[in-house]
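target21.txt follows (compact mmCIF, C-alpha atoms):
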```
# COMPACT_ATOMS: atom_id res chain seq x y z
CA MET H 6 102.74 90.43 76.26
CA SER H 7 99.93 88.07 75.31
CA LEU H 8 97.79 85.82 77.49
CA GLU H 9 99.54 82.53 78.25
CA VAL H 10 97.41 80.77 80.87
CA ILE H 11 93.69 80.58 81.65
CA TYR H 12 92.67 79.17 85.03
CA VAL H 13 89.07 77.95 85.30
CA THR H 14 87.25 76.99 88.48
CA ARG H 15 83.72 75.96 89.37
CA HIS H 16 81.89 77.56 92.29
CA GLY H 17 81.81 75.82 95.67
CA PHE H 18 79.12 73.58 97.13
CA ARG H 19 75.83 75.49 97.20
CA SER H 20 72.35 75.38 98.68
CA PRO H 21 69.64 73.54 96.68
CA TRP H 22 66.47 74.57 94.88
CA SER H 23 63.73 72.87 92.86
CA VAL H 24 61.72 73.63 89.72
CA ASP H 25 58.31 72.53 88.48
CA PRO H 26 58.95 71.87 84.76
CA SER H 27 55.28 72.30 83.86
CA THR H 28 55.20 75.90 85.08
CA GLY H 29 58.82 76.98 85.32
CA ASN H 30 58.27 77.87 88.97
CA TYR H 31 61.56 77.76 90.90
CA THR H 32 61.57 77.46 94.69
CA ALA H 33 64.21 77.22 97.40
CA SER H 34 64.01 76.44 101.11
CA ILE H 35 66.89 78.78 101.95
CA ARG H 36 66.49 82.45 101.04
CA SER H 37 69.14 83.82 98.69
CA PRO H 38 70.89 87.14 99.41
CA THR H 39 69.63 88.26 95.98
CA LYS H 40 66.12 86.92 96.71
CA LEU H 41 66.29 84.72 93.60
CA PRO H 42 65.66 80.99 94.19
CA THR H 43 68.20 79.93 91.54
CA ASP H 44 70.87 82.24 92.92
CA PRO H 45 71.72 80.63 96.27
CA ALA H 46 74.67 81.33 98.50
CA LEU H 47 77.31 78.69 99.19
CA ALA H 48 76.61 76.13 101.88
CA SER H 49 79.04 76.17 104.83
CA HIS H 50 81.07 73.45 103.14
CA GLY H 51 81.25 75.57 99.99
CA VAL H 52 82.61 78.48 102.03
CA GLU H 53 85.36 76.19 103.35
CA GLN H 54 86.15 75.12 99.78
CA ALA H 55 86.32 78.76 98.65
CA ASN H 56 88.81 79.61 101.39
CA GLU H 57 90.99 76.62 100.50
CA LEU H 58 90.83 77.60 96.83
CA ALA H 59 91.81 81.18 97.69
CA ALA H 60 94.90 80.07 99.58
CA HIS H 61 95.92 77.78 96.72
CA LEU H 62 95.43 80.42 94.02
CA LEU H 63 97.91 82.79 95.64
CA GLY H 64 100.69 80.33 94.85
CA VAL H 65 99.89 79.40 91.23
CA ASP H 66 102.46 80.00 88.51
CA PRO H 67 102.09 82.17 86.54
CA PRO H 68 100.24 84.37 89.05
CA ILE H 69 96.70 85.52 88.30
CA GLU H 70 96.44 89.09 87.04
CA GLN H 71 92.71 89.41 86.34
CA VAL H 72 89.55 87.71 87.61
CA TYR H 73 86.35 87.04 85.63
CA SER H 74 83.17 85.60 87.08
CA SER H 75 79.65 84.50 86.30
CA PRO H 76 77.11 86.99 87.71
CA TYR H 77 75.58 84.38 90.03
CA TYR H 78 76.04 84.85 93.76
CA ARG H 79 77.66 81.46 94.37
CA CYS H 80 80.43 82.22 91.86
CA MET H 81 81.09 85.68 93.25
CA GLN H 82 81.13 84.28 96.79
CA THR H 83 83.54 81.54 95.72
CA ILE H 84 86.07 83.93 94.22
CA GLN H 85 85.75 86.75 96.76
CA PRO H 86 88.22 85.30 99.33
CA PHE H 87 90.93 85.07 96.67
CA VAL H 88 90.28 88.63 95.49
CA HIS H 89 90.55 89.82 99.10
CA ASN H 90 93.86 87.98 99.48
CA LEU H 91 95.12 89.28 96.14
CA ARG H 92 94.17 92.84 97.03
CA ARG H 93 95.97 92.54 100.36
CA THR H 94 99.09 91.17 98.65
CA GLN H 95 99.06 93.93 96.03
CA ALA H 96 98.56 96.58 98.70
CA GLN H 97 101.54 95.32 100.67
CA ALA H 98 103.70 95.30 97.55
CA SER H 99 102.68 98.74 96.30
CA GLY H 100 101.70 100.59 99.45
CA ASN H 101 98.26 101.24 97.91
CA VAL H 102 95.65 100.17 100.47
CA SER H 103 92.95 99.77 97.81
CA GLY H 104 94.99 97.28 95.80
CA GLY H 105 95.38 97.32 92.04
CA SER H 106 92.77 97.32 89.28
CA THR H 107 93.47 93.64 88.64
CA SER H 108 92.11 92.76 92.10
CA ARG H 109 88.63 93.67 90.95
CA ILE H 110 86.10 91.15 89.62
CA ARG H 111 84.90 91.47 86.06
CA VAL H 112 81.36 90.09 85.91
CA ASP H 113 80.57 88.60 82.51
CA LEU H 114 77.05 87.47 81.63
CA GLY H 115 78.53 85.13 79.02
CA LEU H 116 79.78 82.97 81.90
CA SER H 117 76.25 82.50 83.27
CA GLU H 118 74.69 79.14 84.10
CA TRP H 119 73.35 76.87 81.37
CA TYR H 120 69.65 76.07 81.34
CA GLY H 121 68.07 73.68 78.85
CA ARG H 122 65.54 74.92 76.32
CA ALA H 123 62.10 75.49 77.81
CA HIS H 124 58.58 76.74 77.10
CA PHE H 125 59.00 79.22 79.96
CA GLU H 126 61.62 81.80 80.90
CA HIS H 127 64.36 80.74 83.28
CA PRO H 128 65.34 83.17 86.05
CA SER H 129 68.17 85.56 85.32
CA SER H 130 70.95 86.66 87.63
CA ALA H 131 70.66 89.74 89.85
CA PRO H 132 71.29 93.13 88.18
CA LEU H 133 74.82 94.49 88.36
CA ASN H 134 73.97 97.41 90.66
CA GLU H 135 72.51 94.99 93.19
CA LEU H 136 75.54 92.73 92.94
CA GLN H 137 77.82 95.72 93.54
CA SER H 138 76.13 96.36 96.87
CA LEU H 139 76.94 92.78 97.85
CA PHE H 140 80.38 92.57 96.24
CA PRO H 141 82.18 95.94 96.20
CA GLU H 142 85.10 94.28 94.37
CA ILE H 143 83.11 94.29 91.10
CA ASP H 144 84.60 96.29 88.23
CA ALA H 145 81.67 98.55 87.25
CA ASP H 146 83.45 99.74 84.08
CA TYR H 147 83.76 96.30 82.49
CA ALA H 148 81.68 95.76 79.34
CA SER H 149 80.18 92.27 79.58
CA SER H 150 79.36 89.78 76.86
CA PRO H 151 75.63 89.25 76.17
CA ALA H 152 73.55 87.09 78.52
CA PRO H 153 72.19 83.75 77.29
CA SER H 154 68.56 83.43 76.26
CA ARG H 155 66.11 83.11 79.14
CA ARG H 156 64.35 80.40 77.13
CA GLY H 157 67.43 78.22 77.53
CA GLU H 158 70.03 76.90 75.13
CA SER H 159 70.84 73.75 73.21
CA LEU H 160 74.22 72.13 73.68
CA SER H 161 75.54 73.66 70.46
CA GLN H 162 74.35 77.10 71.56
CA LEU H 163 76.18 76.67 74.86
CA HIS H 164 79.38 75.86 72.98
CA ASP H 165 78.88 78.97 70.85
CA ARG H 166 78.41 81.13 73.94
CA ALA H 167 81.50 79.68 75.60
CA ALA H 168 83.54 80.34 72.46
CA LYS H 169 82.35 83.94 72.22
CA VAL H 170 82.99 84.85 75.84
CA ILE H 171 86.43 83.24 76.02
CA ALA H 172 87.40 84.83 72.69
CA SER H 173 86.49 88.22 74.13
CA ILE H 174 88.46 87.57 77.32
CA ILE H 175 91.53 86.39 75.40
CA ARG H 176 91.52 89.41 73.09
CA ARG H 177 91.10 91.82 75.98
CA SER H 178 93.87 90.10 77.94
CA ASP H 179 96.20 90.30 74.95
CA GLN H 180 95.50 94.01 74.64
CA GLU H 181 96.00 94.65 78.36
CA GLY H 182 99.15 92.55 78.58
CA HIS H 183 97.83 90.05 81.12
CA LYS H 184 99.75 86.79 81.26
CA ALA H 185 97.25 84.76 83.34
CA VAL H 186 93.56 85.17 84.19
CA LEU H 187 91.07 83.30 86.36
CA ILE H 188 87.48 82.43 85.45
CA CYS H 189 84.87 81.29 87.98
CA THR H 190 81.74 79.76 86.50
CA HIS H 191 79.41 76.73 86.49
CA ALA H 192 79.95 73.05 85.64
CA ALA H 193 78.45 73.09 82.14
CA VAL H 194 80.40 76.20 81.20
CA VAL H 195 83.59 74.78 82.73
CA ILE H 196 83.29 71.78 80.41
CA ALA H 197 82.29 73.88 77.39
CA LEU H 198 85.29 76.17 77.88
CA GLY H 199 87.62 73.18 77.97
CA ARG H 200 86.13 71.90 74.74
CA VAL H 201 86.37 75.12 72.74
CA LEU H 202 89.88 75.89 73.99
CA THR H 203 91.35 72.47 73.22
CA GLY H 204 89.17 71.45 70.30
CA GLN H 205 88.29 68.20 72.09
CA MET H 206 84.56 68.63 71.61
CA GLU H 207 83.64 65.14 72.83
CA ARG H 208 85.65 65.25 76.04
CA ASP H 209 84.02 65.39 79.46
CA PHE H 210 86.38 67.73 81.27
CA GLY H 211 86.29 67.65 85.06
CA ALA H 212 83.88 69.97 86.86
CA PHE H 213 84.20 69.41 90.59
CA THR H 214 83.22 72.10 93.07
CA CYS H 215 86.18 74.48 93.46
CA GLY H 216 88.30 72.23 91.22
CA LEU H 217 90.97 74.14 89.29
CA SER H 218 91.70 73.67 85.59
CA LYS H 219 94.65 75.20 83.77
CA TYR H 220 94.88 75.85 80.04
CA LYS H 221 98.14 76.90 78.43
CA ARG H 222 98.38 78.63 75.09
CA ARG H 223 100.18 76.73 72.37
CA THR H 224 103.02 78.43 70.52
CA PRO H 225 102.53 79.08 66.78
CA THR H 226 104.97 76.26 66.04
CA SER H 227 103.04 73.75 68.14
CA ILE H 228 99.74 74.85 66.59
CA GLU H 229 101.07 74.22 63.09
CA ALA H 230 102.36 70.82 64.18
CA HIS H 231 98.97 70.02 65.70
CA LYS H 232 97.22 71.04 62.48
CA GLY H 233 99.55 68.89 60.43
CA SER H 234 98.97 65.89 62.66
CA ALA H 235 95.21 66.34 62.46
CA ASN H 236 95.32 66.58 58.67
CA LYS H 237 97.44 63.43 58.33
CA THR H 238 95.16 61.38 60.55
CA GLY H 239 91.99 62.76 59.01
CA THR H 240 90.66 63.89 62.36
CA GLU H 241 86.93 64.58 62.26
CA ALA H 242 84.98 66.97 64.40
CA THR H 243 82.69 65.60 67.06
CA ILE H 244 79.26 67.17 66.94
CA PRO H 245 77.34 66.97 70.24
CA VAL H 246 73.87 65.52 69.76
CA ALA H 247 71.05 67.45 71.33
CA ARG H 248 68.46 64.80 72.14
CA ASP H 249 69.86 61.61 73.55
CA GLY H 250 73.26 62.59 74.91
CA ARG H 251 75.19 60.48 72.40
CA GLU H 252 77.72 61.96 70.01
CA SER H 253 78.15 61.29 66.32
CA ARG H 254 81.22 61.86 64.22
CA SER H 255 80.60 63.77 61.04
CA GLN H 256 82.31 66.23 58.76
CA VAL H 257 78.95 67.80 57.93
CA PRO H 258 78.45 71.22 59.55
CA PRO H 259 76.02 70.94 62.46
CA GLN H 260 73.39 73.21 60.92
CA ILE H 261 72.84 70.75 58.04
CA ASP H 262 73.30 67.51 59.93
CA PRO H 263 71.13 64.98 58.03
CA ALA H 264 70.15 63.23 61.26
CA GLY H 265 68.50 66.40 62.50
CA ASN H 266 69.86 65.85 65.99
CA VAL H 267 71.45 69.24 66.54
CA ASP H 268 69.95 72.63 67.13
CA PRO H 269 67.80 73.66 64.13
CA HIS H 270 68.62 77.32 64.77
CA PRO H 271 72.39 77.37 65.31
CA HIS H 272 74.39 80.45 66.14
CA ASP H 273 77.77 80.56 64.42
CA SER H 274 79.36 77.32 65.59
CA ARG H 275 82.77 76.51 64.17
CA TRP H 276 83.94 73.01 64.95
CA PRO H 277 87.67 72.34 65.23
CA ASP H 278 89.17 74.30 62.34
CA LEU H 279 92.54 75.63 63.32
CA GLY H 280 93.04 77.20 59.92
CA SER H 281 90.03 79.49 60.19
CA PRO H 282 90.51 83.14 61.19
CA ARG H 283 88.18 82.68 64.14
CA GLY H 284 90.10 79.76 65.54
CA GLY H 285 93.62 80.70 64.53
CA GLU H 286 93.62 84.29 65.70
CA ILE H 287 93.20 83.51 69.40
CA GLY H 288 93.75 79.77 69.43
CA LEU H 289 90.23 78.42 69.85
CA TYR H 290 89.51 74.80 68.98
CA GLY H 291 93.01 73.45 69.56
CA GLY H 292 95.20 76.43 70.38
CA TRP H 293 95.26 75.62 74.11
CA THR H 294 96.36 72.55 76.05
CA CYS H 295 94.84 71.34 79.30
CA GLU H 296 97.55 71.02 81.96
CA LEU H 297 95.19 70.64 84.95
CA ASP H 298 91.71 69.15 84.73
CA SER H 299 89.60 70.22 87.73
CA ASP H 300 92.44 69.55 90.17
CA CYS H 301 91.20 69.17 93.76
CA SER H 302 94.43 68.08 95.45
CA PHE H 303 94.45 71.26 97.58
CA LEU H 304 90.90 70.72 98.89
CA SER H 305 90.49 68.84 102.17
CA GLY H 306 87.42 67.06 100.78
CA GLY H 307 89.04 66.21 97.47
CA GLU H 308 86.85 65.73 94.40
CA GLU H 309 83.19 66.51 95.14
CA ARG H 310 79.99 67.01 93.19
CA GLY H 311 81.33 65.98 89.80
CA TRP H 312 79.05 66.51 86.80
CA ARG H 313 79.05 65.75 83.08
CA PHE H 314 76.81 66.20 80.05
CA SER H 315 74.17 63.64 79.19
CA GLY H 316 71.75 65.08 76.69
CA ASP H 317 70.42 68.55 76.11
CA GLU H 318 68.56 68.90 79.43
CA SER H 319 65.51 70.25 77.64
CA PHE H 320 62.39 71.06 79.62
CA LEU H 321 60.26 70.76 76.51
CA GLU H 322 59.32 67.10 76.98
CA VAL H 323 59.43 66.61 80.77
CA ASP H 324 56.47 64.85 82.39
CA ASP H 325 54.35 67.61 83.95
CA SER H 326 53.47 65.42 86.92
CA GLU H 327 57.08 65.27 88.06
CA LEU H 328 58.98 67.80 90.16
CA TRP H 329 62.51 68.27 88.86
CA ARG H 330 64.81 68.98 91.75
CA SER H 331 68.23 70.56 91.43
CA ASN H 332 69.69 68.64 94.32
CA VAL H 333 68.63 65.54 96.21
CA ASP H 334 70.50 64.29 99.28
CA SER H 335 71.90 67.76 99.85
CA ASP H 336 72.56 66.98 103.48
CA THR H 337 74.50 63.79 102.83
CA SER H 338 78.13 63.24 101.94
CA THR H 339 79.22 65.18 98.87
CA GLY H 340 82.14 62.95 97.99
CA VAL H 341 82.32 61.84 94.36
CA ASP H 342 84.61 59.23 92.90
CA ARG H 343 85.93 60.45 89.50
CA SER H 344 85.44 57.02 87.97
CA ARG H 345 81.78 57.03 88.99
CA ILE H 346 80.64 60.57 88.27
CA GLU H 347 76.87 60.70 87.96
CA SER H 348 75.59 61.90 84.63
CA HIS H 349 72.74 64.37 84.68
CA ASP H 350 70.08 63.55 82.10
CA SER H 351 67.15 65.59 83.29
CA HIS H 352 65.27 65.01 80.04
CA LEU H 353 64.96 61.32 80.78
CA HIS H 354 65.01 61.38 84.56
CA PRO H 355 63.17 64.38 86.01
CA VAL H 356 64.37 63.68 89.56
CA VAL H 357 68.14 63.72 89.69
CA GLY H 358 70.77 63.46 92.37
CA THR H 359 73.53 65.67 91.06
CA SER H 360 73.26 69.13 89.56
CA LYS H 361 75.62 71.19 87.44
CA LEU H 362 74.33 74.32 89.10
```

Output the file's structure as C-alpha cells, nothing else.
Amino acid sequence: MSLEVIYVTRHGFRSPWSVDPSTGNYTASIRSPTKLPTDPALASHGVEQANELAAHLLGVDPPIEQVYSSPYYRCMQTIQPFVHNLRRTQAQASGNVSGGSTSRIRVDLGLSEWYGRAHFEHPSSAPLNELQSLFPEIDADYASSPAPSRRGESLSQLHDRAAKVIASIIRRSDQEGHKAVLICTHAAVVIALGRVLTGQMERDFGAFTCGLSKYKRRTPTSIEAHKGSANKTGTEATIPVARDGRESRSQVPPQIDPAGNVDPHPHDSRWPDLGSPRGGEIGLYGGWTCELDSDCSFLSGGEERGWRFSGDESFLEVDDSELWRSNVDSDTSTGVDRSRIESHDSHLHPVVGTSKL
C-alpha cells in the first residue's frame, strides 16, 4: 500500500516574542517551557484550538496512521491532544494500553520554522532529549531530515527544504504501508508544502492557526493527463522572487535568472517538471491535489491568524533603529477574514501585526 493522503496543519495560537534585527537578540515576556524565546507555548486560545483539532482529526477519512511534527514546542503541543486520543483509541481496539507505534510523534527538523536570511544566527529548536522529557510521545528512533541553516533561508531555499522533507516522508510512508499521515508545522512551511506537492508555485495556500489541509495523491493516469494538459497549454513555472515579493514567469532555471532576483546560491530546486525522476517518482510538483485548504470549519473561532508570503523576509537590510516584533496586538481579537489576510513583509515594514510563527 502506498501513501494516498497527506494532512497538514499549522500550530495553534501562540505567545509572542520580539527580535532586535541589528543584534539578532530575541526576547519574550512569557517564559517558554524550553527556555527559548522563539519557542513559546500555545496561548490559552491555542490550547482550545488544539483540542478542537484533535476531536476533528479522529473522524477524518482516511484515518491518520502516522504523525510528523516540527520540533518547536507550539507544534508538539498542538498535536499532542490528537496523539493522546489516537493512542487511547488504538489501545481500546487492540487491548494494548501503550497504543501502537503509529501513535508516536516523529519530530523532523526539516519541518522547522522559516527565518529570513540574516547576518546573525537565529535560535534553533530545543534538543530532542529535552523535548522527550516534555513530550514522551516522541519517537526517539526516527531519523530526521537536516535542520535549516541558522543564518536563515531564501524563499527558494525554503521550497527546496519543503520538497526534501516531504519527499522523505512520502518514501518512508510508501515503504511502511501508511495510507494517510499528518504533518504539524508553521505557516511558511504549510504554504511551501502545498506548492511543492501541487506544483502551483505561485499560490498562497491557506495557513490559519489549526487549519487543516488535505492533499490527495494523483493516480498515474491523472498525472499523465495533467502533464499532457500542461504541455499543450505551454504552462510555465513560476519562480518566486526573493527581494520584493513579486513573482515573475520564466522558463529559465532559477539559478541563472537574468534578473538576479533569486537566491544566488540555490540548493537543488526543480520547478514543476512532472517528467523528471525527482518529481515523477513520488509525485512532487503536480502529483498531488489539494482537497482542503486550511479548513477551519470545525474550529469555534473559525479562520484566525492567516498569513501569506510577501518578500524574502531578509534581516540583511532592516533599519537597525527599529525593533521587529513577531506579534503586535496579541491581546486583541485574532479573527482574520480570508479575503483580507495581512501580508507579512518584514523587509519593508519592520513592525508588523501578523506573524507566520

Next on the checklist: Need to verify the contact set: region 37-50 of chain H, 10 Å, only C-alpha atoms, exclusion of same-chain residues closer than 4 positions in sequence. Can you return it as a PyMOL selection string?
Outcome noted: chain H and resi 16-24+30-33+54-55+76-83+118+127-132+135-136+139+306+331+335+339+362

Next on the checklist: What's around region 121-123 of chain H at 9 Å? Count all atoms listed in the file, leave out sequence neighbours fewer than 5 positions away in its own chain, and write the answer as a PyMOL selection string.
Outcome noted: chain H and resi 26+29+155-160+317-322

Item to check | Å distance separating CA of Ile69 (chain H) from CA of Val88 (chain H), one decimal place | outcome: 10.1 Å

Could I get the residues of region 14-127 of chain H with an atom no further than 12 Å from an atom of region 198-203 of chain H, each paired with its nearest atom pair and that distance in Å to one decimal, using only C-alpha atoms, sorted by chain and residue number, as JSON lines?
```
{"residue": "H:Thr14", "atom": "CA", "partner": "H:Leu198", "partner_atom": "CA", "distance": 10.8}
{"residue": "H:Arg15", "atom": "CA", "partner": "H:Leu198", "partner_atom": "CA", "distance": 11.6}
{"residue": "H:Gly115", "atom": "CA", "partner": "H:Leu198", "partner_atom": "CA", "distance": 11.3}
{"residue": "H:Leu116", "atom": "CA", "partner": "H:Leu198", "partner_atom": "CA", "distance": 9.6}
```

Next on the checklist: Between CA of Val195 (chain H) and CA of Thr28 (chain H), what distance in Å does the model show, to one decimal?
Outcome noted: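 Distance between the two atoms: 28.5 Å.
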
Residue contacts of Glu9 (chain H) (9 Å, all atoms listed in the file) excluding same-chain residues fewer than 2 positions away, as a PDB file with C-alpha atoms, in the frame of the given file:
```
ATOM      1  CA  MET H   6     102.740  90.430  76.260  1.00  0.00           C
ATOM      2  CA  SER H   7      99.930  88.070  75.310  1.00  0.00           C
ATOM      3  CA  ILE H  11      93.690  80.580  81.650  1.00  0.00           C
ATOM      4  CA  PRO H  67     102.090  82.170  86.540  1.00  0.00           C
ATOM      5  CA  HIS H 183      97.830  90.050  81.120  1.00  0.00           C
ATOM      6  CA  LYS H 184      99.750  86.790  81.260  1.00  0.00           C
ATOM      7  CA  ALA H 185      97.250  84.760  83.340  1.00  0.00           C
ATOM      8  CA  VAL H 186      93.560  85.170  84.190  1.00  0.00           C
ATOM      9  CA  TYR H 220      94.880  75.850  80.040  1.00  0.00           C
ATOM     10  CA  LYS H 221      98.140  76.900  78.430  1.00  0.00           C
ATOM     11  CA  ARG H 222      98.380  78.630  75.090  1.00  0.00           C
ATOM     12  CA  ARG H 223     100.180  76.730  72.370  1.00  0.00           C
TER      13      ARG H 223
END
```

Checklist entry - For the atom pair CA of Ser218 (chain H) and CA of Cys189 (chain H), what is the interatomic distance in Å to one decimal place? => result 10.5 Å

Next on the checklist: Need the shell around Leu163 (chain H): protein/DNA/RNA residues with any atom at most 8 Å away, counting all atoms listed in the file. Skip same-chain ones fewer than 5 positions apart. Format as a PyMOL selection string?
Outcome noted: chain H and resi 119+158+194+197

Next on the checklist: Using only C-alpha atoms, list the residues that have an atom at most 6 Å from (88.4, 92.5, 91.4), coordinates as in the file, as a ChimeraX atom specification.
Outcome noted: /H:88,107-110,142-143

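Distances to Ala145 (chain H) were evaluated for H:Val13, H:Ala59, H:Ala167, H:Val112 using all atoms listed in the file, and the minimum falls at H:Val112.
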
Item to check | For Ser27 (chain H), the nearest of the candidates H:Ser315, H:Leu217, H:Asp66, H:Phe125, counting all atoms listed in the file | outcome: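 Smallest separation from Ser27 (chain H) among the options: H:Phe125.
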
Polymer residues at most 6 Å from Phe213 (chain H), all atoms listed in the file, same-chain spacing of 5 or more positions, as a short mmCIF file (atom, residue, chain, number, x, y, z; two decimals) with C-alpha atoms, in the frame of the given file:
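Contents of the output file part-v3.cif:
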```cif
data_model
loop_
_atom_site.label_atom_id
_atom_site.label_comp_id
_atom_site.auth_asym_id
_atom_site.auth_seq_id
_atom_site.Cartn_x
_atom_site.Cartn_y
_atom_site.Cartn_z
CA GLU H 308 86.85 65.73 94.40
CA GLU H 309 83.19 66.51 95.14
CA ARG H 310 79.99 67.01 93.19
CA GLY H 311 81.33 65.98 89.80
#
```
